[in-house]
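A.B. asks: Just so it is clear, I am handing over my_file.cif, which has mmCIF, C-alpha atoms and all ligand atoms.
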data_coords
loop_
_atom_site.label_atom_id
_atom_site.label_comp_id
_atom_site.auth_asym_id
_atom_site.auth_seq_id
_atom_site.Cartn_x
_atom_site.Cartn_y
_atom_site.Cartn_z
CA MET C 14 -20.71 -35.12 15.38
CA ALA C 15 -24.34 -34.04 15.26
CA SER C 16 -25.67 -31.39 12.94
CA ASN C 17 -29.08 -30.45 11.64
CA ASN C 18 -27.48 -29.67 8.34
CA LEU C 19 -26.39 -33.18 7.52
CA ILE C 20 -27.63 -34.65 4.26
CA ILE C 21 -26.75 -38.24 3.49
CA GLY C 22 -27.07 -39.75 0.03
CA LEU C 23 -27.18 -43.51 -0.57
CA GLU C 24 -26.87 -45.38 -3.84
CA ILE C 25 -27.50 -49.13 -3.79
CA GLY C 26 -25.66 -49.87 -7.03
CA THR C 27 -25.10 -53.12 -8.88
CA SER C 28 -21.33 -52.96 -8.28
CA LYS C 29 -21.00 -50.87 -5.16
CA ILE C 30 -23.04 -49.37 -2.37
CA CYS C 31 -22.07 -45.81 -1.75
CA VAL C 32 -22.98 -43.46 1.09
CA VAL C 33 -22.03 -39.81 0.89
CA VAL C 34 -22.22 -37.65 4.01
CA GLY C 35 -22.73 -34.00 3.19
CA GLU C 36 -23.26 -30.88 5.22
CA SER C 37 -25.38 -28.14 3.73
CA ARG C 38 -23.89 -24.67 3.91
CA PRO C 39 -25.81 -21.39 4.22
CA ASP C 40 -24.73 -20.45 0.69
CA GLY C 41 -26.62 -23.49 -0.67
CA THR C 42 -23.56 -25.65 -1.33
CA VAL C 43 -23.00 -29.05 0.24
CA LYS C 44 -19.65 -29.91 1.81
CA ILE C 45 -18.77 -33.61 1.53
CA LEU C 46 -17.62 -34.85 4.96
CA GLY C 47 -16.98 -38.46 4.00
CA VAL C 48 -17.78 -41.27 1.57
CA GLY C 49 -18.47 -44.86 2.65
CA GLN C 50 -18.38 -47.65 0.11
CA THR C 51 -18.70 -51.44 -0.06
CA PRO C 52 -18.87 -53.86 -2.97
CA SER C 53 -22.47 -54.64 -3.66
CA ARG C 54 -24.12 -58.05 -3.31
CA GLY C 55 -27.79 -58.98 -3.70
CA VAL C 56 -28.35 -56.31 -6.38
CA ARG C 57 -28.85 -57.00 -10.07
CA LYS C 58 -29.40 -54.42 -12.79
CA GLY C 59 -29.87 -51.73 -10.17
CA GLU C 60 -32.58 -53.63 -8.30
CA ILE C 61 -32.51 -55.64 -5.09
CA VAL C 62 -32.75 -59.38 -5.71
CA ASP C 63 -31.57 -60.64 -2.28
CA PHE C 64 -32.99 -58.49 0.46
CA GLU C 65 -30.96 -59.79 3.44
CA THR C 66 -27.63 -59.68 1.62
CA ALA C 67 -28.24 -56.22 0.19
CA MET C 68 -29.24 -54.99 3.63
CA LYS C 69 -25.97 -56.23 5.14
CA CYS C 70 -24.01 -54.44 2.42
CA VAL C 71 -25.90 -51.21 2.96
CA HIS C 72 -25.16 -51.52 6.67
CA GLU C 73 -21.44 -51.95 5.96
CA ALA C 74 -21.38 -48.92 3.68
CA VAL C 75 -23.22 -46.84 6.28
CA VAL C 76 -20.76 -47.86 9.02
CA ASP C 77 -17.87 -47.05 6.69
CA ALA C 78 -19.36 -43.61 5.97
CA GLU C 79 -19.92 -43.00 9.70
CA GLN C 80 -16.31 -43.78 10.45
CA LYS C 81 -14.96 -41.66 7.62
CA SER C 82 -17.11 -38.64 8.41
CA ASP C 83 -17.39 -38.99 12.19
CA VAL C 84 -21.15 -38.66 11.90
CA MET C 85 -24.01 -40.81 13.23
CA ILE C 86 -26.26 -41.57 10.29
CA ARG C 87 -29.97 -41.65 11.08
CA SER C 88 -31.62 -40.80 7.79
CA VAL C 89 -30.72 -40.92 4.12
CA TYR C 90 -31.82 -39.78 0.70
CA VAL C 91 -31.94 -42.90 -1.46
CA ALA C 92 -31.19 -43.08 -5.18
CA VAL C 93 -33.30 -45.55 -7.14
CA ALA C 94 -32.68 -47.09 -10.54
CA GLY C 95 -33.95 -50.00 -12.63
CA SER C 96 -35.35 -50.42 -16.10
CA HIS C 97 -38.89 -50.40 -14.66
CA LEU C 98 -38.59 -46.60 -14.37
CA GLN C 99 -40.42 -44.75 -17.14
CA SER C 100 -41.03 -41.12 -17.94
CA PHE C 101 -43.16 -38.80 -20.05
CA ASN C 102 -43.90 -35.10 -20.41
CA ASN C 103 -47.37 -33.75 -19.71
CA ARG C 104 -49.15 -30.43 -19.27
CA GLY C 105 -51.48 -29.67 -16.37
CA CYS C 106 -54.07 -26.89 -16.32
CA VAL C 107 -56.13 -25.10 -13.62
CA ILE C 108 -58.65 -22.30 -14.01
CA LEU C 109 -58.82 -19.94 -11.03
CA PRO C 110 -62.26 -19.30 -9.45
CA GLU C 111 -63.97 -16.13 -10.69
CA ASP C 112 -63.62 -14.30 -7.35
CA ARG C 113 -59.84 -14.68 -7.29
CA ASP C 114 -57.16 -13.67 -9.78
CA GLU C 115 -53.92 -14.10 -7.83
CA ILE C 116 -52.19 -17.44 -8.28
CA ASP C 117 -51.23 -19.08 -4.98
CA GLU C 118 -49.27 -22.13 -3.80
CA GLY C 119 -52.43 -24.24 -3.90
CA ASP C 120 -52.89 -23.56 -7.62
CA ALA C 121 -49.27 -24.54 -8.27
CA GLU C 122 -49.93 -27.81 -6.43
CA ASP C 123 -53.23 -28.37 -8.26
CA VAL C 124 -51.63 -27.94 -11.67
CA LYS C 125 -49.07 -30.58 -10.72
CA ILE C 126 -51.82 -32.98 -9.64
CA ASN C 127 -53.67 -32.27 -12.88
CA ALA C 128 -50.58 -33.11 -14.95
CA ARG C 129 -50.52 -36.50 -13.23
CA GLU C 130 -54.03 -37.36 -14.34
CA VAL C 131 -52.72 -39.76 -16.91
CA SER C 132 -53.15 -43.49 -16.74
CA ILE C 133 -49.97 -45.31 -15.83
CA PRO C 134 -49.71 -49.10 -15.29
CA ALA C 135 -51.69 -50.16 -12.22
CA GLN C 136 -48.60 -51.46 -10.41
CA ASN C 137 -46.72 -48.20 -10.92
CA ALA C 138 -46.38 -45.16 -8.70
CA PHE C 139 -45.19 -41.63 -9.42
CA LEU C 140 -41.63 -40.89 -8.39
CA HIS C 141 -41.12 -37.32 -9.63
CA SER C 142 -43.05 -34.53 -11.29
CA ILE C 143 -40.33 -32.15 -12.36
CA ILE C 144 -41.49 -28.72 -13.43
CA GLN C 145 -40.39 -27.60 -16.87
CA HIS C 146 -42.25 -24.32 -17.42
CA TYR C 147 -45.36 -22.53 -16.24
CA HIS C 148 -47.69 -20.60 -18.54
CA VAL C 149 -50.05 -17.93 -17.18
CA ASP C 150 -52.91 -16.92 -19.47
CA GLY C 151 -50.85 -17.99 -22.45
CA GLN C 152 -47.63 -16.23 -21.31
CA ASP C 153 -44.83 -18.74 -21.79
CA GLY C 154 -41.66 -19.30 -19.78
CA VAL C 155 -42.98 -18.26 -16.36
CA LEU C 156 -40.57 -19.52 -13.71
CA ASN C 157 -42.68 -18.97 -10.61
CA PRO C 158 -46.37 -18.15 -11.04
CA VAL C 159 -47.14 -17.73 -7.32
CA GLY C 160 -48.22 -14.12 -6.68
CA MET C 161 -48.90 -13.40 -10.35
CA LEU C 162 -52.30 -12.34 -11.61
CA GLY C 163 -53.98 -14.71 -14.01
CA GLN C 164 -57.03 -16.78 -14.78
CA LYS C 165 -55.53 -19.87 -16.31
CA LEU C 166 -52.40 -21.57 -15.01
CA GLU C 167 -50.78 -24.25 -17.12
CA ALA C 168 -47.57 -26.14 -16.40
CA ASP C 169 -45.43 -28.67 -18.23
CA PHE C 170 -43.91 -31.46 -16.17
CA HIS C 171 -41.47 -34.27 -16.74
CA ILE C 172 -43.01 -37.17 -14.86
CA ILE C 173 -41.08 -40.26 -13.72
CA HIS C 174 -42.84 -43.37 -12.48
CA GLY C 175 -41.90 -46.94 -11.72
CA VAL C 176 -43.10 -50.21 -10.24
CA ARG C 177 -44.25 -49.35 -6.73
CA THR C 178 -43.07 -52.54 -5.02
CA ARG C 179 -39.57 -52.32 -6.50
CA ILE C 180 -39.18 -48.79 -5.21
CA GLN C 181 -40.64 -49.89 -1.87
CA ASN C 182 -38.16 -52.77 -1.63
CA THR C 183 -35.28 -50.32 -1.81
CA ILE C 184 -36.90 -48.18 0.87
CA ARG C 185 -37.57 -51.19 3.12
CA CYS C 186 -33.99 -52.35 2.80
CA VAL C 187 -32.91 -49.06 4.36
CA LYS C 188 -35.72 -48.83 6.90
CA GLU C 189 -34.97 -52.27 8.30
CA LEU C 190 -31.50 -51.17 9.36
CA PRO C 191 -33.15 -49.04 10.84
CA LEU C 192 -32.62 -45.73 9.06
CA ASP C 193 -35.17 -43.13 8.04
CA VAL C 194 -35.65 -42.48 4.36
CA GLU C 195 -35.93 -38.74 3.84
CA ASP C 196 -36.83 -39.15 0.19
CA VAL C 197 -36.12 -41.22 -2.90
CA VAL C 198 -34.68 -39.80 -6.08
CA PHE C 199 -34.07 -41.23 -9.54
CA GLY C 200 -30.29 -41.86 -9.71
CA GLY C 201 -29.87 -40.08 -13.02
CA LEU C 202 -31.53 -36.97 -11.67
CA ALA C 203 -29.33 -37.06 -8.57
CA SER C 204 -26.19 -37.34 -10.73
CA ALA C 205 -27.26 -34.42 -12.90
CA GLN C 206 -27.70 -32.28 -9.79
CA VAL C 207 -23.99 -32.41 -9.14
CA VAL C 208 -22.43 -32.74 -12.58
CA LEU C 209 -24.42 -30.07 -14.45
CA THR C 210 -24.41 -26.34 -13.89
CA GLN C 211 -27.58 -24.35 -14.48
CA HIS C 212 -25.90 -22.85 -17.52
CA GLN C 213 -25.34 -26.31 -19.03
CA LYS C 214 -28.97 -27.21 -18.32
CA ASP C 215 -30.04 -24.03 -20.09
CA LEU C 216 -27.85 -24.76 -23.10
CA GLY C 217 -29.03 -28.38 -23.21
CA ALA C 218 -27.11 -31.38 -21.91
CA LEU C 219 -27.37 -35.15 -21.72
CA VAL C 220 -25.91 -37.00 -18.73
CA ILE C 221 -25.18 -40.71 -19.15
CA ASP C 222 -24.12 -42.66 -16.06
CA ILE C 223 -22.83 -46.08 -17.11
CA GLY C 224 -22.92 -48.26 -13.99
CA GLY C 225 -22.25 -51.94 -13.50
CA GLY C 226 -25.72 -53.17 -14.39
CA THR C 227 -27.59 -50.11 -15.59
CA ILE C 228 -27.26 -46.92 -17.56
CA ASP C 229 -29.13 -43.93 -16.17
CA TYR C 230 -29.65 -41.06 -18.55
CA ILE C 231 -31.22 -37.65 -18.27
CA LEU C 232 -31.57 -34.97 -20.90
CA TYR C 233 -31.99 -31.25 -20.20
CA ALA C 234 -33.04 -28.75 -22.84
CA ASP C 235 -33.96 -25.13 -22.26
CA GLY C 236 -33.16 -25.49 -18.54
CA ALA C 237 -35.65 -28.31 -17.94
CA VAL C 238 -35.61 -32.10 -17.81
CA LYS C 239 -37.08 -33.37 -21.07
CA GLN C 240 -36.14 -37.06 -21.14
CA SER C 241 -34.89 -39.59 -18.60
CA GLY C 242 -34.65 -43.30 -18.12
CA CYS C 243 -32.70 -46.32 -17.10
CA VAL C 244 -31.48 -49.12 -19.39
CA ALA C 245 -30.59 -52.51 -17.91
CA ILE C 246 -27.16 -52.66 -19.54
CA GLY C 247 -23.89 -51.66 -17.91
CA GLY C 248 -20.19 -52.30 -17.60
CA ASP C 249 -20.82 -55.83 -16.34
CA HIS C 250 -22.15 -56.73 -19.79
CA ILE C 251 -18.82 -55.72 -21.27
CA THR C 252 -17.05 -57.87 -18.69
CA ASN C 253 -19.36 -60.76 -19.50
CA ASP C 254 -18.69 -60.42 -23.24
CA ILE C 255 -14.93 -60.45 -22.56
CA SER C 256 -15.28 -63.50 -20.34
CA MET C 257 -17.33 -65.42 -22.93
CA GLY C 258 -15.44 -64.19 -25.97
CA LEU C 259 -11.96 -64.86 -24.62
CA ARG C 260 -12.95 -67.84 -22.46
CA ILE C 261 -11.55 -66.48 -19.24
CA PRO C 262 -13.11 -66.27 -15.74
CA MET C 263 -15.27 -63.21 -14.96
CA ALA C 264 -12.86 -61.84 -12.34
CA ARG C 265 -10.02 -62.01 -14.88
CA ALA C 266 -12.18 -60.38 -17.52
CA GLU C 267 -13.06 -57.53 -15.17
CA LYS C 268 -9.40 -56.90 -14.34
CA LEU C 269 -8.43 -57.10 -17.99
CA LYS C 270 -11.14 -54.62 -18.98
CA VAL C 271 -10.21 -52.09 -16.30
CA GLU C 272 -6.44 -52.35 -16.69
CA GLU C 273 -5.97 -52.95 -20.41
CA GLY C 274 -9.24 -52.39 -22.25
CA SER C 275 -10.15 -49.60 -24.63
CA CYS C 276 -13.14 -48.97 -26.87
CA ILE C 277 -10.96 -47.45 -29.58
CA LEU C 278 -10.17 -49.68 -32.53
CA GLY C 279 -6.99 -49.56 -34.58
CA ASN C 280 -4.85 -48.15 -31.78
CA SER C 281 -2.83 -51.27 -31.02
CA LEU C 282 0.12 -52.63 -32.97
CA PRO C 283 -0.63 -55.55 -35.33
CA GLY C 284 -0.43 -58.77 -33.36
CA GLU C 285 0.06 -56.95 -30.02
CA MET C 286 -0.62 -59.45 -27.25
CA ILE C 287 -1.50 -59.14 -23.55
CA LEU C 288 -0.18 -61.84 -21.26
CA LEU C 289 -2.56 -63.08 -18.59
CA LYS C 290 -0.42 -64.72 -15.94
CA ASP C 291 -1.39 -68.09 -14.55
CA ASP C 292 -3.16 -68.11 -11.26
CA SER C 293 -4.80 -70.69 -9.01
CA GLY C 294 -7.29 -72.51 -11.21
CA PHE C 295 -6.33 -70.50 -14.30
CA ALA C 296 -3.64 -71.69 -16.67
CA GLY C 297 -2.68 -68.28 -18.06
CA LYS C 298 -3.26 -67.11 -21.60
CA GLU C 299 -2.20 -64.67 -24.31
CA ILE C 300 -4.87 -62.34 -25.63
CA GLU C 301 -4.69 -60.18 -28.71
CA ARG C 302 -5.20 -56.53 -27.68
CA GLU C 303 -7.28 -55.67 -30.74
CA THR C 304 -9.64 -58.58 -30.02
CA LEU C 305 -10.20 -57.30 -26.48
CA ASN C 306 -10.84 -53.77 -27.75
CA THR C 307 -13.18 -55.03 -30.44
CA ILE C 308 -15.34 -56.80 -27.86
CA ILE C 309 -15.56 -53.62 -25.77
CA HIS C 310 -16.18 -51.46 -28.83
CA LEU C 311 -18.99 -53.63 -30.17
CA ARG C 312 -20.86 -53.80 -26.89
CA LEU C 313 -20.55 -50.06 -26.30
CA ARG C 314 -21.57 -49.31 -29.83
CA GLU C 315 -24.66 -51.48 -29.49
CA THR C 316 -25.44 -49.84 -26.15
CA PHE C 317 -25.16 -46.30 -27.49
CA GLU C 318 -27.27 -47.25 -30.50
CA LEU C 319 -29.97 -48.53 -28.16
CA LEU C 320 -29.76 -45.35 -26.14
CA LYS C 321 -29.99 -43.26 -29.27
CA ARG C 322 -33.09 -45.12 -30.42
CA ARG C 323 -34.69 -44.29 -27.08
CA LEU C 324 -33.69 -40.65 -27.26
CA ASP C 325 -34.82 -40.35 -30.87
CA GLU C 326 -38.40 -40.95 -29.76
CA GLU C 327 -38.38 -37.20 -28.98
CA PRO C 328 -36.62 -34.34 -30.79
CA PHE C 329 -34.58 -33.01 -27.84
CA ILE C 330 -31.27 -34.73 -28.69
CA ASN C 331 -30.87 -32.06 -31.38
CA TYR C 332 -30.74 -29.29 -28.79
CA LEU C 333 -27.69 -30.16 -26.71
CA GLY C 334 -25.74 -26.92 -26.70
CA ALA C 335 -23.61 -28.00 -23.73
CA GLY C 336 -23.00 -31.53 -25.06
CA ILE C 337 -23.07 -34.97 -23.55
CA LEU C 338 -21.57 -35.89 -20.20
CA ARG C 339 -20.88 -39.50 -19.53
CA ASN C 340 -18.81 -41.26 -16.92
CA PHE C 341 -15.85 -42.59 -18.84
CA ARG C 342 -14.84 -45.46 -16.60
CA ASN C 343 -16.87 -48.09 -18.36
CA ALA C 344 -16.14 -46.82 -21.80
CA ARG C 345 -12.47 -46.67 -20.79
CA ALA C 346 -12.36 -43.90 -23.32
CA ARG C 347 -10.45 -41.06 -21.86
CA SER C 348 -9.01 -39.93 -25.15
CA PRO C 349 -10.99 -37.21 -26.91
CA ARG C 350 -10.60 -39.29 -30.05
CA THR C 351 -13.24 -41.65 -28.71
CA ASN C 352 -15.79 -39.04 -29.70
CA HIS C 353 -15.90 -40.80 -33.02
CA LEU C 354 -17.58 -43.79 -31.39
CA ARG C 355 -20.55 -41.81 -30.32
CA ARG C 356 -20.41 -39.53 -33.32
CA ASP C 357 -20.80 -42.56 -35.55
CA VAL C 358 -23.83 -43.49 -33.61
CA ARG C 359 -25.38 -40.06 -33.42
CA GLY C 360 -24.28 -38.70 -36.72
CA GLY C 361 -23.90 -35.33 -35.02
CA LYS C 362 -21.03 -33.45 -33.44
CA PRO C 363 -21.79 -32.85 -29.79
CA THR C 364 -19.03 -32.01 -27.35
CA VAL C 365 -18.27 -34.82 -24.96
CA LEU C 366 -17.35 -33.68 -21.47
CA ASN C 367 -15.86 -35.78 -18.73
CA PHE C 368 -17.19 -36.13 -15.21
CA ASN C 369 -13.71 -35.64 -13.81
CA ARG C 370 -14.89 -34.23 -10.54
CA PHE C 371 -16.58 -37.39 -9.41
CA ASP C 372 -14.84 -40.06 -11.40
CA GLN C 373 -12.45 -40.76 -8.56
CA VAL C 374 -15.07 -41.34 -5.93
CA ARG C 375 -17.43 -43.16 -8.30
CA ALA C 376 -20.21 -41.50 -6.43
CA SER C 377 -21.92 -38.85 -8.49
CA CYS C 378 -25.24 -40.53 -7.89
CA ALA C 379 -24.89 -40.78 -4.11
CA ASN C 380 -23.36 -37.31 -4.12
CA GLY C 381 -26.37 -36.06 -5.98
CA SER C 382 -28.70 -37.71 -3.51
CA ALA C 383 -26.89 -35.81 -0.77
CA ALA C 384 -27.42 -32.64 -2.74
CA TRP C 385 -31.11 -33.36 -3.24
CA PRO C 386 -33.30 -30.48 -2.05
CA ARG C 387 -34.51 -31.08 1.47
CA ASN C 388 -37.64 -29.01 1.39
CA ARG C 389 -39.55 -30.87 -1.27
CA PRO C 390 -42.58 -32.87 -0.12
CA ASN C 391 -41.74 -36.49 0.48
CA LEU C 392 -44.10 -38.66 -1.47
CA TRP C 393 -42.53 -41.81 -0.13
CA LYS C 394 -42.56 -40.97 3.57
CA ALA C 395 -45.52 -43.30 3.99
CA PHE C 396 -43.48 -46.41 3.24
N1 LIG C 401 -11.26 -47.96 -14.66
C1 LIG C 401 -12.32 -48.55 -15.19
N2 LIG C 401 -12.38 -48.81 -16.51
C2 LIG C 401 -13.47 -49.41 -17.05
N3 LIG C 401 -14.55 -49.79 -16.34
C3 LIG C 401 -14.53 -49.55 -15.02
C4 LIG C 401 -13.44 -48.92 -14.36
N4 LIG C 401 -13.73 -48.83 -13.03
C5 LIG C 401 -14.97 -49.36 -12.87
N5 LIG C 401 -15.43 -49.82 -14.04
C6 LIG C 401 -16.71 -50.48 -14.29
O1 LIG C 401 -17.75 -49.67 -13.78
C7 LIG C 401 -18.84 -50.51 -13.38
C8 LIG C 401 -19.26 -50.05 -12.02
O2 LIG C 401 -19.69 -48.73 -12.12
P1 LIG C 401 -20.45 -48.05 -10.89
O3 LIG C 401 -19.65 -48.21 -9.66
O4 LIG C 401 -20.87 -46.69 -11.29
O5 LIG C 401 -21.72 -49.03 -10.85
P2 LIG C 401 -22.92 -49.07 -9.82
O6 LIG C 401 -23.36 -47.68 -9.51
O7 LIG C 401 -22.60 -49.93 -8.65
O8 LIG C 401 -23.98 -49.85 -10.68
P3 LIG C 401 -25.44 -49.43 -11.23
O9 LIG C 401 -25.53 -47.94 -11.20
O10 LIG C 401 -25.48 -50.01 -12.60
O11 LIG C 401 -26.41 -50.12 -10.34
C9 LIG C 401 -18.34 -51.95 -13.42
O12 LIG C 401 -18.87 -52.58 -14.56
C10 LIG C 401 -16.83 -51.79 -13.56
O13 LIG C 401 -16.27 -52.81 -14.35
MG MG C 402 -24.75 -46.36 -10.33
#
Have the structure of the file written as structure tokens, please.
Ligand SMILES: Nc1ncnc2c1ncn2[C@@H]1O[C@H](COP(=O)(O)OP(=O)(O)OP(=O)(O)O)[C@@H](O)[C@H]1O
Ligand SMILES: [Mg+2]
C.D. replies:
Amino acid sequence: MASNNLIIGLEIGTSKICVVVGESRPDGTVKILGVGQTPSRGVRKGEIVDFETAMKCVHEAVVDAEQKSDVMIRSVYVAVAGSHLQSFNNRGCVILPEDRDEIDEGDAEDVKINAREVSIPAQNAFLHSIIQHYHVDGQDGVLNPVGMLGQKLEADFHIIHGVRTRIQNTIRCVKELPLDVEDVVFGGLASAQVVLTQHQKDLGALVIDIGGGTIDYILYADGAVKQSGCVAIGGDHITNDISMGLRIPMARAEKLKVEEGSCILGNSLPGEMILLKDDSGFAGKEIERETLNTIIHLRLRETFELLKRRLDEEPFINYLGAGILRNFRNARARSPRTNHLRRDVRGGKPTVLNFNRFDQVRASCANGSAAWPRNRPNLWKAF
């Protein structure tokens, strides 16, 4: 099937590589035609560490997506992650020439460039400048200044940057296949595109995507992105803790976590045991359920505390009218009672919402990449 309206999102994750084939509809929605997925190899903490192996995996996921959607994939929108990504908020300003008082597209572009005139580490490159609000001659909350009369245009941006070569490596991995890269997008931003409504963004919301090796987060307040980042901790750390703490192989620990684990303490009967059957090379073992849950609880607690410290660097966490959305798989915390875990950490009472819609496909990030606007200028086309 060939269509000009195809949009393909790709996430090269630490645990899985996911390709979502979408078709954009005239009403602005994207219909998902198919999802291709393969277990990931050659990726650590969201970044490529073995180029050839990662490339093969991406190829497999692309072929899988092609078969499932009956579409030939030629170009993709790629989600990027990694703890090298950093962000800040900054205001740009342009003064219109005296012989002109109508703001045009060029001024809107100039104010964006001006907001980027901040020194970032030499090895870094800008990934996104996300508009928060425009101000025209001191008038706040302007959504689109183009066509308005004014002398001074100011604009606040949320700016994301990261190590250029690490972003380029992801792009090269796709280009070698060969596939065109339409654009790159921070994974957390892509996820938020599909899990948050505009109303939630307006009310204020925090999206936390706990992956295998990384946690992407993005905070909206007053309709705009205010904070974002990526922490190099994920579900694999929980698995590792279980493996070390209970002295069982990693594969066993992973299965145990997914099938039996919980982050809630005090929910099991005293002395309740889980039997791990013997297997080739593994003698079998009995594990106390509360011990397993304690390991998961402690790691998650530490992780959320770290995240909170990051978020507390700015005041926006106090303005989350729509609550916090996190993918619950890793927390294995489907019960609303688990709110106490995060409430302990935050000290507040936000509503916790579930990403039900995308939990099954484990693909909110790739989905979001497929929903990424097509008409924005591609900064990364050059690579
Ligand atoms: N049912 C489950 N319960 C608990 N954890 C789960 C469950 N299913 C998957 N996980 C965990 O989720 C993690 C994988 O999540 P995901 O597929 O989102 O990661 P990824 O996108 O490949 O990685 P990253 O975004 O960090 O690069 C693994 O640590 C896995 O153990
Ligand atoms: Mg991910």
A.B. asks: At what distance in Å, to one decimal, does CA of Pro39 (chain C) lie from CA of Leu23 (chain C)?
C.D. replies: 22.7 Å
A.B. asks: Given a cut-off of 7 Å, what residues near ligand LIG 401 (chain C) show up using all atoms listed in the file, put as a PyMOL selection string?
C.D. replies: chain C and resi 25-30+53+58-59+94+223-228+247-249+252+267+270-272+342-345+375
A.B. asks: So the first atom is CA of Leu166 (chain C) and the second is CA of Arg129 (chain C); what is the distance between them in Å, to one decimal place?
C.D. replies: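 Separation between CA of Leu166 (chain C) and CA of Arg129 (chain C): 15.2 Å.
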A.B. asks: Quick one: of C:Arg314, C:Lys44, C:His212, C:Arg260, who's nearest to Ala234 (chain C), counting only C-alpha atoms?
C.D. replies: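 Among the listed residues, the smallest separation from Ala234 (chain C) belongs to C:His212.
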A.B. asks: Kindly indicate which residue among C:Ile61, C:Ala266, C:Ile21, C:Ala237 lies nearest to Leu46 (chain C), using all atoms listed in the file for the distances.
C.D. replies: C:Ile21
A.B. asks: Quick one: of C:Ile180, C:Ile246, C:Leu282, C:Met257, who's nearest to ligand MG 402 (chain C), counting all atoms listed in the file?
C.D. replies: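 Counting all atoms listed in the file, the residue closest to ligand MG 402 (chain C) is C:Ile246.
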A.B. asks: Calculated over all atoms listed in the file, which of the candidates C:Leu190, C:Ile144, C:Leu289, C:Ala245 has the smallest distance to ligand MG 402 (chain C)?
C.D. replies: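 Once distances to ligand MG 402 (chain C) are computed over all atoms listed in the file, the minimum belongs to C:Ala245.
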A.B. asks: Axis-aligned box over every listed atom of region 120-136 of chain C, padded by 5 Å per side: centre and edges in Å to one decimal, as JSON?
C.D. replies:
{"center_x": -51.3, "center_y": -37.5, "center_z": -11.7, "size_x": 15.4, "size_y": 37.9, "size_z": 20.5}
